[in-house]
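Below is one structure, written out as structure tokens, with a few remarks after it.
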Amino acid sequence: MFGTESSLSMFLNTLTPKFYVALTGTSSLISGLILIFEWWYFRKYGTSFIEQVSVSHLRPLLGGVDSSSPSSSSTSNGDADSSRQSVSECKVWRNPLNLFRGAEYNRYTWVTGREPLTYYDMNLSAQDHQTFFTCDSDHLRPADAIMQKAWRERNPQARISAAHEALELEDCATAYILLAEEEATTIMEAERLFKQALKAGEGCYRRSQQLQHHSTQYEAQHRRDTNVLVYIKRRLAMCSRKLGRTREAVKMMRDLCVFQLMKEFPLLSMFNIHENLLESLLELQNYADVQAVLAKYDDISLPKSATICYTAALLKARAVSDKFSPEAASRRGLSTAEMNAVEAIHRAVEFNPHVPKYLLEMKSLILPPEHILKRGDSEAIAYAFFHLQHWKRVEGALNLLHCTWEGTFRMIPYPLEKGHLFYPYPICTETADRELLPMFHEVSVYPKKELPFFILFTAGLCSFTAMLALLTHQFPELMGVFAKAFLSTLFAPLNFIMEKVESILPSSLWHQLTRI
């Protein structure tokens, strides 16, 4: 026993301060490298490498996986994979309520000096315009040939100049559209240009309608003219809504919704005109018609949206929100109507969990982009920008939302793996939203990524060992005394146990054991 203690003390006495500097410096370097690798892996894949290796490889070796039911686990995994494959990857949609560039987005830039639209967003709009407003027969009409080049032009002034050039040749509907969108500085001016576009577009539509069955070329031209006409009428309806003529806007949108449901015009479904109609009906407080529109479009076969889910929740909340009290509900329990309202809110929050913070004004709003990602932060901004006023108008609706929306997350503890009423939350929303939203906006991320334990641990270890290396280099003698005292304290319990064992066992037996 005394031989072991003496050899340990001799070993500690032979260690020089350079050894402690080298030891702590090496430890600091290794932990720093681990920290850098862990941080890089977390930023790229969203998970900790050490944690992933532990769960994937070490837990099965230690018996952490239940092997009694492999068939059930493989079945559930197969269902999850099939459901993920059935959902399209983070598709970007055109914002049904997108603002006017000249009259709204550009005015924001003039006032604040900030660009509200990203290059990626505007590039998607350019692709949409080429899809909606061009066809293979454009070269037959000089004005359309000029506009075909204008839609591909990146410079706004060049696009506007090309539109004016096309109008010098003839009344061109798409040229008026471009000027109304980008050159008009007020909504009234944009409406005037759209009315001119409507007059020119209706003439083109009537001519192509008569010739559409003559050849595939005329059929494509008629399809293009239909897209142009519907786009013009939709924007005119939005002008009426912005200028306070809401009933007129509703009438125009109802007529367009009939067009949208016609199967011979599949591109029109991309406009999602029913969302414009819902917002206008809410402005009129015509809740019965809102319910009728929801009954038609809130269907399992149609892609959901935040507008549909949260409008349905608003209607159910409206029935109970004025008398709702969380204290009373906790005492007596929720009534059937209150339960329906809470379930509707949970359904909406599960579809898009970013919306409540904007509706409750816990996060500042910005101008919505021209394109949105369903279930993403961009869709939440677009919805709250236009619908916050409707929630405020319903007494107690925001209070009910505030009291109940966070309960959704208890039902879906692992939203990226399994959903409750919808498919699992897409992983790619954060990346797409960062492309759609301007740099000055802090993108909302769900589920919130917290730094893994191992990154925090290696950061602490790296900092601690680096500090020890610095102190040992500056104060070698003092740190040597401290190290010896620390090791002596560390081995004190072991020495105490050995002394007790030596006092209990006979000396002859202990002598034989030490010899062994």
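Quick note on naming: the chains in the structure tokens go A, B, ... in the order shown, residues restart at 1 in each chain, and ligands are numbered from 1 in order of appearance.
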
>> Using only C-alpha atoms, which protein or nucleic acid residues come within 10 Å of Glu165 of chain A? Drop anything in the same chain fewer than 4 positions from it, and give the result as a count of residues only.
In response: 9

> So which bits of segment 355-469 of chain A end up helix (DSSP H, G or I) when you DSSP the backbone, as an MDAnalysis selection string?
Replying inline: chainID A and resid 355:359 377:393 397:411 429:436 453:469

Counting only C-alpha atoms, which residues in segment 170-246 of chain A sit no more than 10 Å from segment 270-274 of chain A? For each one, give the nearest pair of atoms and the distance in Å, sorted by chain then residue number, as a tab-separated table.
```
residue	atom	partner	partner_atom	distance
A:Asn227	CA	A:Phe271	CA	10.0
A:Val230	CA	A:Phe271	CA	9.2
A:Tyr231	CA	A:Phe271	CA	8.2
A:Arg234	CA	A:Ile273	CA	7.5
```

With C-alpha atoms retained, could you export that selection as a JSON list (two decimals), in the first residue's frame?
```
[["chain", "number", "residue", "atom", "x", "y", "z"],
["A", 227, "ASN", "CA", -54.50, 33.39, -68.82],
["A", 230, "VAL", "CA", -58.08, 36.07, -66.01],
["A", 231, "TYR", "CA", -54.93, 37.75, -64.66],
["A", 234, "ARG", "CA", -58.07, 39.31, -60.88]]
```

>> I'd like the neighbourhood of Ala145 of chain A as a ChimeraX atom specification, where a residue qualifies if any of its atoms comes within 12 Å (using only C-alpha atoms), though same-chain residues fewer than 3 positions away should be ignored.
In response: /A:130,133-142,148-152,162-163,165-166,169,172,174-175

>> Can you pull out the residues contacting Tyr218 of chain A? Cut-off 10 Å, using only C-alpha atoms, and skip same-chain residues under 2 positions away; I want them as a PyMOL selection string.
In response: chain A and resi 135-137+207-216+220-224
